[in-house]
>>> print(open('entry.cif').read())   # mmCIF, C-alpha atoms and all ligand atoms
data_query
#
loop_
_atom_site.label_atom_id
_atom_site.label_comp_id
_atom_site.auth_asym_id
_atom_site.auth_seq_id
_atom_site.Cartn_x
_atom_site.Cartn_y
_atom_site.Cartn_z
CA MET A 1 143.63 125.22 228.88
CA ARG A 2 145.00 128.74 229.08
CA LEU A 3 143.09 130.91 226.60
CA THR A 4 143.83 134.43 225.36
CA ASP A 5 141.15 137.09 225.72
CA GLU A 6 140.33 136.78 222.03
CA GLN A 7 139.99 132.99 222.31
CA LYS A 8 137.65 133.44 225.28
CA ARG A 9 135.55 135.89 223.26
CA ILE A 10 135.29 133.36 220.43
CA LEU A 11 134.19 130.74 222.96
CA ASP A 12 131.51 133.15 224.17
CA GLY A 13 130.16 133.48 220.64
CA ALA A 14 131.51 136.95 219.76
CA ARG A 15 132.55 135.73 216.29
CA GLY A 16 129.37 133.77 215.58
CA ILE A 17 128.16 130.22 215.98
CA PRO A 18 130.62 128.37 213.66
CA ALA A 19 133.66 129.94 215.37
CA ARG A 20 132.18 129.11 218.79
CA VAL A 21 131.54 125.49 217.73
CA ALA A 22 135.09 125.26 216.33
CA MET A 23 136.66 126.68 219.50
CA GLU A 24 134.63 124.31 221.71
CA MET A 25 135.86 121.40 219.61
CA LEU A 26 139.51 122.46 219.91
CA VAL A 27 139.30 123.12 223.67
CA ALA A 28 137.83 119.64 224.15
CA LEU A 29 140.67 118.13 222.07
CA GLY A 30 143.26 120.18 223.94
CA ASP A 31 141.89 118.90 227.26
CA ILE A 32 142.00 115.31 226.06
CA TYR A 33 145.65 115.65 224.99
CA GLY A 34 146.74 117.75 227.98
CA ALA A 35 147.64 120.83 225.92
CA GLU A 36 148.41 123.95 227.97
CA ASP A 37 147.40 126.43 225.28
CA PHE A 38 146.96 126.95 221.54
CA ILE A 39 149.55 127.63 218.81
CA PRO A 40 148.78 129.79 215.78
CA ILE A 41 148.90 127.79 212.56
CA LYS A 42 149.98 128.89 209.09
CA SER A 43 147.70 126.72 206.96
CA VAL A 44 145.09 123.98 206.96
CA HIS A 45 144.40 121.06 204.68
CA LEU A 46 140.85 119.75 204.99
CA ALA A 47 140.14 116.06 204.42
CA GLY A 48 137.22 113.68 204.65
CA LEU A 49 135.40 115.76 202.02
CA SER A 50 134.01 112.99 199.88
CA LEU A 51 130.37 112.00 200.03
CA LYS A 52 131.57 108.60 201.26
CA SER A 53 133.01 110.30 204.36
CA HIS A 54 130.37 113.02 204.87
CA GLY A 55 127.15 111.20 204.07
CA ILE A 56 123.99 113.25 203.56
CA ALA A 57 123.95 114.44 207.20
CA GLY A 58 127.49 115.84 206.77
CA MET A 59 126.50 117.55 203.53
CA GLU A 60 123.60 119.29 205.33
CA TRP A 61 125.88 120.31 208.22
CA VAL A 62 128.22 122.05 205.72
CA GLY A 63 125.29 124.02 204.25
CA ASP A 64 124.17 125.01 207.75
CA MET A 65 127.64 126.25 208.71
CA VAL A 66 127.85 128.35 205.52
CA GLU A 67 124.47 129.93 206.28
CA LYS A 68 125.60 130.71 209.82
CA GLY A 69 128.65 132.55 208.45
CA ALA A 70 131.57 130.07 208.77
CA ARG A 71 134.73 131.62 207.24
CA PHE A 72 138.33 130.39 207.18
CA VAL A 73 141.02 132.68 208.61
CA VAL A 74 144.17 130.92 207.29
CA PRO A 75 145.02 129.56 203.80
CA THR A 76 143.00 126.35 203.50
CA THR A 77 143.24 123.67 200.83
CA MET A 78 140.85 120.81 200.16
CA ASN A 79 141.52 117.12 199.83
CA VAL A 80 140.18 114.85 197.13
CA ILE A 81 136.44 114.62 196.50
CA GLY A 82 134.44 111.83 194.89
CA VAL A 83 133.91 113.31 191.42
CA ASP A 84 135.84 114.85 188.52
CA ARG A 85 134.36 118.29 187.91
CA SER A 86 135.72 118.48 184.36
CA ARG A 87 133.81 115.56 182.86
CA ASP A 88 131.10 112.94 183.12
CA LEU A 89 132.74 109.66 184.15
CA GLY A 90 129.44 107.80 184.21
CA LEU A 91 129.06 108.01 188.01
CA PRO A 92 125.50 108.19 189.45
CA VAL A 93 124.00 111.68 189.00
CA ASP A 94 122.71 112.03 192.59
CA TRP A 95 126.18 111.08 193.87
CA VAL A 96 127.78 113.82 191.76
CA GLU A 97 125.22 116.46 192.84
CA ALA A 98 125.56 115.72 196.55
CA GLN A 99 129.36 115.70 196.29
CA MET A 100 129.37 119.08 194.55
CA ARG A 101 127.18 120.60 197.29
CA ILE A 102 129.85 119.62 199.83
CA GLN A 103 132.62 121.05 197.63
CA LYS A 104 130.79 124.35 197.04
CA GLY A 105 130.05 124.69 200.76
CA TYR A 106 133.71 124.55 201.76
CA GLU A 107 134.66 126.88 198.90
CA ALA A 108 132.07 129.36 200.25
CA MET A 109 133.89 129.23 203.60
CA GLY A 110 137.09 130.24 201.79
CA ALA A 111 138.87 126.99 200.85
CA TYR A 112 140.86 126.73 197.62
CA GLY A 113 138.94 124.19 195.58
CA THR A 114 141.92 122.38 194.07
CA SER A 115 140.76 119.06 195.60
CA SER A 116 143.93 117.07 196.02
CA CYS A 117 145.99 115.23 198.62
CA VAL A 118 149.28 116.76 197.35
CA PRO A 119 148.86 120.55 197.72
CA TYR A 120 152.64 120.71 198.34
CA TYR A 121 153.15 119.99 194.61
CA TYR A 122 151.55 123.34 193.73
CA SER A 123 152.04 126.50 195.81
CA PHE A 124 151.10 125.22 199.29
CA LEU A 125 154.47 124.27 200.72
CA PRO A 126 154.81 124.50 204.52
CA ARG A 127 158.22 125.62 205.75
CA PHE A 128 160.60 123.82 208.11
CA GLY A 129 159.49 124.23 211.73
CA GLU A 130 156.13 125.81 210.85
CA SER A 131 153.03 124.60 212.74
CA ILE A 132 150.11 123.61 210.51
CA ALA A 133 146.82 121.73 210.94
CA TRP A 134 146.59 119.39 207.99
CA ALA A 135 144.43 116.31 207.74
CA GLU A 136 145.02 113.50 205.16
CA SER A 137 147.49 110.97 206.50
CA SER A 138 149.77 110.90 203.44
CA ALA A 139 150.12 114.70 203.47
CA VAL A 140 150.70 114.78 207.25
CA VAL A 141 153.55 112.26 207.12
CA PHE A 142 155.12 114.07 204.14
CA THR A 143 154.98 117.57 205.67
CA ASN A 144 156.33 116.36 209.02
CA SER A 145 159.04 114.07 207.72
CA VAL A 146 160.26 115.47 204.41
CA LEU A 147 159.58 119.18 204.94
CA GLY A 148 160.10 119.30 208.72
CA ALA A 149 156.84 121.18 209.31
CA ARG A 150 154.90 120.38 212.52
CA ASP A 151 151.56 118.71 212.28
CA ASN A 152 149.51 116.23 214.23
CA ARG A 153 147.45 113.71 212.35
CA GLU A 154 144.34 115.89 212.25
CA GLY A 155 140.93 114.55 211.37
CA GLY A 156 138.53 116.40 209.07
CA PRO A 157 136.58 118.08 211.94
CA SER A 158 139.64 119.28 213.89
CA ALA A 159 141.28 120.63 210.70
CA TRP A 160 138.03 122.50 209.92
CA ALA A 161 137.97 123.94 213.45
CA SER A 162 141.56 125.16 213.03
CA ALA A 163 140.71 126.75 209.66
CA VAL A 164 137.90 128.73 211.33
CA THR A 165 139.94 129.80 214.40
CA GLY A 166 143.56 129.85 213.11
CA VAL A 167 144.88 127.80 216.06
CA THR A 168 145.50 124.22 217.17
CA PRO A 169 146.17 122.75 220.65
CA ARG A 170 149.89 122.67 221.50
CA HIS A 171 150.63 118.95 221.86
CA GLY A 172 152.05 115.92 220.03
CA LEU A 173 154.32 116.62 217.08
CA HIS A 174 154.25 120.40 217.64
CA LEU A 175 156.61 119.78 220.58
CA ASP A 176 160.36 119.10 220.10
CA GLY A 177 160.48 116.24 222.58
CA ASN A 178 157.81 114.24 220.73
CA ARG A 179 159.64 114.25 217.40
CA LYS A 180 162.45 111.85 218.34
CA GLY A 181 162.76 108.34 216.88
CA ASP A 182 161.44 105.17 218.53
CA ILE A 183 162.70 102.26 216.37
CA LEU A 184 165.71 101.95 214.07
CA PHE A 185 165.20 100.10 210.78
CA LYS A 186 168.46 99.14 209.04
CA VAL A 187 167.71 98.84 205.33
CA ASN A 188 169.78 96.05 203.72
CA VAL A 189 167.85 95.92 200.47
CA LYS A 190 167.86 98.38 197.56
CA CYS A 191 164.53 99.95 196.65
CA LYS A 192 164.52 100.46 192.88
CA ASN A 193 161.23 102.25 192.29
CA ILE A 194 158.04 103.59 193.82
CA SER A 195 156.44 100.19 194.30
CA ASP A 196 159.53 98.88 196.17
CA TYR A 197 159.43 101.88 198.51
CA GLY A 198 155.68 101.37 198.90
CA ALA A 199 156.07 97.68 199.75
CA LEU A 200 158.83 98.38 202.29
CA GLY A 201 156.73 101.18 203.82
CA ASN A 202 153.80 98.81 204.17
CA TYR A 203 155.94 96.19 205.91
CA VAL A 204 157.38 98.75 208.35
CA GLY A 205 153.97 100.33 208.99
CA ASN A 206 152.69 96.96 210.15
CA VAL A 207 155.63 96.58 212.56
CA THR A 208 155.92 100.10 213.91
CA GLY A 209 152.26 101.10 214.35
CA GLU A 210 152.12 104.72 215.50
CA LYS A 211 155.73 104.84 216.73
CA ILE A 212 158.31 107.01 214.93
CA PRO A 213 160.49 104.86 212.66
CA VAL A 214 164.05 105.85 211.78
CA PHE A 215 165.70 104.48 208.63
CA GLU A 216 169.38 103.95 208.07
CA ASN A 217 170.58 103.40 204.50
CA LEU A 218 167.28 104.20 202.77
CA GLY A 219 169.20 105.17 199.61
CA SER A 220 168.50 108.37 197.66
CA PRO A 221 164.76 108.34 197.07
CA VAL A 222 163.32 110.95 194.70
CA MET A 223 160.43 113.11 195.92
CA GLU A 224 157.67 110.86 194.57
CA GLU A 225 159.27 107.81 196.21
CA LEU A 226 159.26 109.62 199.56
CA VAL A 227 155.61 110.57 199.07
CA LEU A 228 154.56 106.98 198.35
CA PHE A 229 156.80 105.55 201.06
CA GLY A 230 155.19 107.88 203.63
CA SER A 231 151.70 107.04 202.41
CA ALA A 232 152.43 103.33 202.90
CA LEU A 233 153.74 103.91 206.45
CA ALA A 234 150.75 106.06 207.29
CA SER A 235 148.12 103.68 205.93
CA ALA A 236 149.52 100.39 207.25
CA GLY A 237 150.68 101.80 210.55
CA GLY A 238 149.33 105.24 211.41
CA VAL A 239 152.82 106.79 211.14
CA ALA A 240 152.74 110.63 211.19
CA LEU A 241 156.52 111.18 211.18
CA PHE A 242 159.54 109.19 210.03
CA HIS A 243 163.20 110.04 209.85
CA ALA A 244 165.72 108.81 207.29
CA ILE A 245 169.33 109.44 208.23
CA GLY A 246 170.96 111.82 205.77
CA VAL A 247 167.70 112.23 203.82
CA THR A 248 165.10 114.00 205.98
CA PRO A 249 165.84 117.37 207.60
CA GLU A 250 165.68 116.42 211.29
CA ALA A 251 167.88 113.35 210.91
CA PRO A 252 171.53 114.27 210.27
CA ASP A 253 172.70 111.31 212.43
CA LEU A 254 171.51 108.69 214.92
CA GLU A 255 172.55 110.72 217.99
CA THR A 256 170.34 113.65 216.96
CA VAL A 257 167.36 111.56 216.02
CA PHE A 258 167.24 109.40 219.17
CA ALA A 259 168.59 112.04 221.58
CA GLY A 260 169.82 109.52 224.13
CA LYS A 261 166.67 107.33 224.02
CA LYS A 262 167.04 103.52 224.07
CA TYR A 263 165.76 102.01 220.85
CA GLU A 264 165.01 98.67 219.23
CA VAL A 265 166.81 97.71 215.98
CA VAL A 266 165.06 95.88 213.12
CA GLU A 267 166.85 94.62 209.99
CA LEU A 268 165.04 94.94 206.65
CA GLY A 269 166.06 92.71 203.73
CA LYS A 270 164.67 91.05 200.63
CA ARG A 271 162.29 88.90 202.68
CA GLU A 272 160.65 91.94 204.31
CA LEU A 273 160.37 93.70 200.96
CA GLU A 274 158.65 90.65 199.47
CA GLN A 275 156.35 90.44 202.49
CA GLY A 276 155.25 94.05 201.77
CA TYR A 277 154.33 93.07 198.19
CA HIS A 278 152.49 90.04 199.52
CA ASN A 279 150.55 92.13 202.08
CA LEU A 280 149.35 94.50 199.37
CA THR A 281 148.21 91.85 196.91
CA SER A 282 144.81 90.27 197.43
CA GLY A 283 144.17 89.39 193.77
CA LYS A 284 143.04 85.85 192.94
CA ASN A 285 141.67 86.35 189.45
CA ARG A 286 144.41 87.46 187.02
CA LYS A 287 141.82 89.09 184.75
CA VAL A 288 142.12 92.79 185.58
CA ASN A 289 139.31 95.21 184.68
CA TYR A 290 140.40 98.33 186.54
CA VAL A 291 143.84 99.99 186.65
CA ALA A 292 144.45 103.08 188.78
CA ILE A 293 147.62 105.10 189.28
CA GLY A 294 147.98 108.16 191.50
CA CYS A 295 147.37 107.64 195.21
CA PRO A 296 148.54 110.12 196.44
CA HIS A 297 147.77 112.15 193.31
CA CYS A 298 150.40 111.98 190.56
CA SER A 299 153.07 114.62 190.16
CA LEU A 300 153.77 115.85 186.63
CA ASN A 301 156.73 113.41 186.50
CA GLN A 302 154.44 110.49 187.25
CA VAL A 303 151.90 111.63 184.63
CA ILE A 304 154.72 111.83 182.06
CA GLU A 305 155.91 108.32 183.02
CA VAL A 306 152.43 106.84 182.44
CA ALA A 307 151.97 108.85 179.22
CA GLU A 308 155.24 107.51 177.81
CA LEU A 309 154.28 103.93 178.69
CA LEU A 310 150.90 104.36 176.94
CA ARG A 311 152.18 106.31 173.93
CA GLY A 312 150.70 104.85 170.72
CA LYS A 313 149.02 101.93 172.54
CA LYS A 314 145.37 101.09 173.30
CA ILE A 315 144.12 99.73 176.60
CA ASN A 316 141.97 96.60 176.62
CA LYS A 317 138.25 97.19 175.91
CA GLU A 318 137.26 95.42 179.14
CA VAL A 319 139.50 97.66 181.27
CA VAL A 320 138.83 101.05 182.87
CA MET A 321 142.08 102.92 183.58
CA TRP A 322 142.16 106.08 185.70
CA VAL A 323 145.28 108.15 186.33
CA HIS A 324 144.55 110.41 189.29
CA THR A 325 145.87 113.93 189.61
CA ASN A 326 144.68 117.45 190.37
CA ILE A 327 143.78 120.55 188.38
CA PRO A 328 147.24 122.23 188.41
CA VAL A 329 149.13 119.11 187.31
CA LYS A 330 146.46 118.21 184.75
CA GLN A 331 146.65 121.68 183.24
CA MET A 332 150.42 121.33 182.84
CA ALA A 333 149.89 117.91 181.25
CA ILE A 334 147.40 119.43 178.82
CA GLN A 335 149.81 122.25 177.96
CA PHE A 336 152.54 119.78 177.05
CA GLY A 337 150.32 117.18 175.34
CA TYR A 338 150.70 114.36 177.90
CA ASP A 339 146.94 114.22 178.52
CA ARG A 340 146.41 113.25 174.86
CA MET A 341 148.99 110.48 175.05
CA ILE A 342 147.04 109.02 177.99
CA GLU A 343 143.53 109.62 176.68
CA ASP A 344 144.23 108.44 173.11
CA SER A 345 144.97 105.04 174.63
CA GLY A 346 141.50 104.92 176.21
CA ALA A 347 142.74 105.69 179.75
CA VAL A 348 141.46 108.76 181.61
CA LEU A 349 143.52 111.47 183.30
CA THR A 350 141.20 112.39 186.17
CA GLN A 351 141.22 115.48 188.38
CA ASP A 352 139.70 116.05 191.85
CA LEU A 353 138.83 112.45 192.67
CA CYS A 354 140.50 109.19 193.64
CA THR A 355 139.68 105.53 193.70
CA ILE A 356 139.25 105.16 197.46
CA LEU A 357 137.11 108.26 198.02
CA GLY A 358 135.33 108.06 194.69
CA ASN A 359 132.97 105.39 193.49
CA PRO A 360 134.58 103.52 190.57
CA GLU A 361 132.89 100.29 191.70
CA ALA A 362 129.66 101.89 190.40
CA LEU A 363 131.10 101.23 186.90
CA GLY A 364 131.01 97.48 187.56
CA VAL A 365 134.78 96.94 187.85
CA THR A 366 136.04 94.39 190.36
CA THR A 367 139.78 93.68 190.02
CA LEU A 368 142.31 96.48 190.46
CA ALA A 369 145.96 96.76 189.44
CA THR A 370 147.92 99.60 191.03
CA ASN A 371 151.40 100.74 192.03
CA SER A 372 150.03 102.76 194.97
CA PRO A 373 150.52 101.10 198.38
CA LYS A 374 147.82 103.18 200.07
CA MET A 375 145.26 102.37 197.39
CA ALA A 376 146.19 98.68 197.50
CA PHE A 377 145.83 98.74 201.30
CA TYR A 378 142.36 100.33 201.39
CA ALA A 379 140.69 99.21 198.15
CA PRO A 380 139.60 95.72 199.32
CA GLY A 381 137.67 97.25 202.24
CA SER A 382 136.50 100.54 200.74
CA ASN A 383 135.70 99.44 197.18
CA GLY A 384 135.43 95.66 197.52
CA PHE A 385 138.21 95.17 194.92
CA ASP A 386 140.63 92.30 194.47
CA VAL A 387 144.05 93.95 194.16
CA TRP A 388 147.27 93.30 192.25
CA TYR A 389 150.15 95.47 193.44
CA GLY A 390 153.32 96.11 191.42
CA THR A 391 155.33 98.49 189.28
CA VAL A 392 153.77 101.11 187.03
CA GLU A 393 155.09 99.13 184.03
CA LYS A 394 153.18 96.01 185.16
CA CYS A 395 150.05 98.07 185.77
CA VAL A 396 150.14 99.57 182.27
CA GLU A 397 150.77 96.12 180.82
CA ALA A 398 147.68 94.86 182.71
CA ALA A 399 145.65 97.75 181.27
CA ILE A 400 146.71 96.78 177.74
CA THR A 401 146.35 93.01 178.03
CA GLY A 402 143.57 92.85 180.63
CA GLU A 403 145.70 90.44 182.62
CA TRP A 404 148.14 90.57 185.57
CA LYS A 405 151.22 88.68 184.38
CA GLU A 406 153.65 86.76 186.65
FE1 LIG A 501 144.99 110.82 197.98
FE2 LIG A 501 142.80 109.40 197.75
FE3 LIG A 501 145.08 108.21 198.01
S1 LIG A 501 143.07 111.21 198.96
S2 LIG A 501 146.32 109.56 199.24
S3 LIG A 501 144.49 109.52 196.28
S4 LIG A 501 143.20 107.63 199.03
#
>>> encode(input="entry.cif", output="structure tokens")
Amino acid sequence: MRLTDEQKRILDGARGIPARVAMEMLVALGDIYGAEDFIPIKSVHLAGLSLKSHGIAGMEWVGDMVEKGARFVVPTTMNVIGVDRSRDLGLPVDWVEAQMRIQKGYEAMGAYGTSSCVPYYYSFLPRFGESIAWAESSAVVFTNSVLGARDNREGGPSAWASAVTGVTPRHGLHLDGNRKGDILFKVNVKCKNISDYGALGNYVGNVTGEKIPVFENLGSPVMEELVLFGSALASAGGVALFHAIGVTPEAPDLETVFAGKKYEVVELGKRELEQGYHNLTSGKNRKVNYVAIGCPHCSLNQVIEVAELLRGKKINKEVVMWVHTNIPVKQMAIQFGYDRMIEDSGAVLTQDLCTILGNPEALGVTTLATNSPKMAFYAPGSNGFDVWYGTVEKCVEAAITGEWKE
């Protein structure tokens, strides 16, 4: 790779051991991907921060890097961790302590400790065309597709290395030519809510893999529907960028989005939508004892929707219900009284954590109901849960009755 004088100095250790380690990591990645040089980046989102991902060895590595002087040089946000710092949820004490050591370590390097997968809902909004180095697949697909920022699907280590150096190898989705569509999906079914978009995204993710899907006639999804749709594509298929004609900023028409490339056409109808629901449902026992909403973390609109559904009701005594969001959204919910509507029912409005990267199985729950396609996709493997997937209304009903109805 072609390096600037300053980048060579970093590689020689002039800015300390962490910066040298980070630069070595990025040069190795650049060589693997055939990058000619580095691009400066505007921001970083770190992921893989939970104890589940780090383990004890990772926790000690973070402490070592802090001691050796690791510092971030661009605005850096943090993904979800495995605990809620505002309360005791009954999770094992040693788990909470180890998780907080990881969190504090990254904060000492300069990260904003807001711990969420949706930093674009509060202040951290990449601009169109801007290069960034974000990890967290649901955030990557959103920033690329809906905002038109430029980001490869970074892992936790490469995002950390970019936060320390301020650069990323110039390859993949940072380049114009790699942002064109590969497959056209003609949507012949109307998605009515988040869970429909999630189910369709799951179906397409399974078909398209890591290729770039283009959607014609996707309707007029609201922001949260685009977030969940992207998260389903990214989890089932590894999609980092999608285009929706007339909806996303790089897709005014088919000519622009395919730029003369030959492409396959796939029709999507009711059958494919139903297949998505089927893929995301592994539940056998209709007795539900865990309900979770908010993967990716809920926006204020989603918190209000759940609060209104729970208003004046009580959830079943056998059920744990968590509604996942972050500190900024939770503080707004507190200000307007929506947290009380949720918590008076017996459900919990959590901050910082999520089902997949947390440890709710430690509470003894086994059967999950959710409207989040990414959570439904990962929970059987990561938490060992049986999963029922459906609308937020059905999930709240399951929380109240303790049962997943037909
Ligand atoms: Fe966010 Fe956790 Fe889901 S990080 S996207 S809530 S798996």
>>> closest_residue(input="entry.cif", among="A:Pro75, A:Gly13, A:Gly390, A:Gly358", to="ligand LIG 501 (chain A)", atoms="all atoms listed in the file")
A:Gly358
>>> residues_near_ligand(input="entry.cif", ligand="ligand LIG 501 (chain A)", cutoff="7 Å", atoms="only C-alpha atoms and all ligand atoms", output="ChimeraX atom specification")
/A:79-80,116-117,136,138,231,294-297,354-357,374-375
>>> write_last_selection(input="entry.cif", atoms="C-alpha atoms", output="JSON list (two decimals), keeping the file's coordinate frame")
[["chain", "number", "residue", "atom", "x", "y", "z"],
["A", 79, "ASN", "CA", 141.52, 117.12, 199.83],
["A", 80, "VAL", "CA", 140.18, 114.85, 197.13],
["A", 116, "SER", "CA", 143.93, 117.07, 196.02],
["A", 117, "CYS", "CA", 145.99, 115.23, 198.62],
["A", 136, "GLU", "CA", 145.02, 113.50, 205.16],
["A", 138, "SER", "CA", 149.77, 110.90, 203.44],
["A", 231, "SER", "CA", 151.70, 107.04, 202.41],
["A", 294, "GLY", "CA", 147.98, 108.16, 191.50],
["A", 295, "CYS", "CA", 147.37, 107.64, 195.21],
["A", 296, "PRO", "CA", 148.54, 110.12, 196.44],
["A", 297, "HIS", "CA", 147.77, 112.15, 193.31],
["A", 354, "CYS", "CA", 140.50, 109.19, 193.64],
["A", 355, "THR", "CA", 139.68, 105.53, 193.70],
["A", 356, "ILE", "CA", 139.25, 105.16, 197.46],
["A", 357, "LEU", "CA", 137.11, 108.26, 198.02],
["A", 374, "LYS", "CA", 147.82, 103.18, 200.07],
["A", 375, "MET", "CA", 145.26, 102.37, 197.39]]
>>> residues_around(input="entry.cif", residues="A:Thr281", least_positions_apart="4", cutoff="8 Å", atoms="all atoms listed in the file", output="ChimeraX atom specification")
/A:277,376,386-389
>>> atom_distance(input="entry.cif", atom1="atom CA of A:Lys262", atom2="atom CA of A:Ile183")
8.9 Å
>>> residues_around(input="entry.cif", residues="A:Glu403", least_positions_apart="4", cutoff="12 Å", atoms="all atoms listed in the file", output="PDB file with C-alpha atoms, in the frame of the given file")
ATOM      1  CA  GLY A 283     144.170  89.390 193.770  1.00  0.00           C
ATOM      2  CA  LYS A 284     143.040  85.850 192.940  1.00  0.00           C
ATOM      3  CA  ASN A 285     141.670  86.350 189.450  1.00  0.00           C
ATOM      4  CA  ARG A 286     144.410  87.460 187.020  1.00  0.00           C
ATOM      5  CA  LYS A 287     141.820  89.090 184.750  1.00  0.00           C
ATOM      6  CA  VAL A 288     142.120  92.790 185.580  1.00  0.00           C
ATOM      7  CA  ASN A 289     139.310  95.210 184.680  1.00  0.00           C
ATOM      8  CA  TYR A 290     140.400  98.330 186.540  1.00  0.00           C
ATOM      9  CA  VAL A 291     143.840  99.990 186.650  1.00  0.00           C
ATOM     10  CA  ILE A 315     144.120  99.730 176.600  1.00  0.00           C
ATOM     11  CA  ASN A 316     141.970  96.600 176.620  1.00  0.00           C
ATOM     12  CA  GLU A 318     137.260  95.420 179.140  1.00  0.00           C
ATOM     13  CA  VAL A 319     139.500  97.660 181.270  1.00  0.00           C
ATOM     14  CA  THR A 367     139.780  93.680 190.020  1.00  0.00           C
ATOM     15  CA  LEU A 368     142.310  96.480 190.460  1.00  0.00           C
ATOM     16  CA  ALA A 369     145.960  96.760 189.440  1.00  0.00           C
ATOM     17  CA  TRP A 388     147.270  93.300 192.250  1.00  0.00           C
ATOM     18  CA  LYS A 394     153.180  96.010 185.160  1.00  0.00           C
ATOM     19  CA  CYS A 395     150.050  98.070 185.770  1.00  0.00           C
ATOM     20  CA  VAL A 396     150.140  99.570 182.270  1.00  0.00           C
ATOM     21  CA  GLU A 397     150.770  96.120 180.820  1.00  0.00           C
ATOM     22  CA  ALA A 398     147.680  94.860 182.710  1.00  0.00           C
ATOM     23  CA  ALA A 399     145.650  97.750 181.270  1.00  0.00           C
TER      24      ALA A 399
END
>>> atom_distance(input="entry.cif", atom1="atom CA of A:Tyr120", atom2="atom CA of A:Leu200")
23.5 Å
>>> residues_around(input="entry.cif", residues="A:Pro40", least_positions_apart="4", cutoff="7 Å", atoms="only C-alpha atoms", output="ChimeraX atom specification")
/A:166-168
>>> atom_distance(input="entry.cif", atom1="atom CA of A:Gln331", atom2="atom CA of A:Ala139")
21.7 Å
>>> closest_residue(input="entry.cif", among="A:Leu280, A:Leu175, A:Val62, A:Val189", to="A:Asn206", atoms="only C-alpha atoms")
A:Leu280
>>> closest_residue(input="entry.cif", among="A:Met78, A:Ala362, A:Met1, A:Ile245", to="A:Gly34", atoms="only C-alpha atoms")
A:Met1
>>> residues_around(input="entry.cif", residues="A:Ala240", least_positions_apart="5", cutoff="8 Å", atoms="all atoms listed in the file", output="PyMOL selection string")
chain A and resi 137+140-141+144-145+152-153+210+212+234
>>> closest_residue(input="entry.cif", among="A:Ala98, A:Val257, A:Ile10, A:Val320", to="A:Leu363", atoms="all atoms listed in the file")
A:Val320
>>> residues_near_point(input="entry.cif", point="(164.0, 101.3, 222.5)", cutoff="10 Å", atoms="only C-alpha atoms", output="PyMOL selection string")
chain A and resi 181-184+258+261-265
>>> residues_around(input="entry.cif", residues="A:Ala232", least_positions_apart="2", cutoff="7 Å", atoms="all atoms listed in the file", output="list in words")
Gly198, Gly201, Asn202, Gly205, Leu228, Phe229, Gly230, Ala234, Ser235, Ala236, Pro373 and Lys374 of chain A
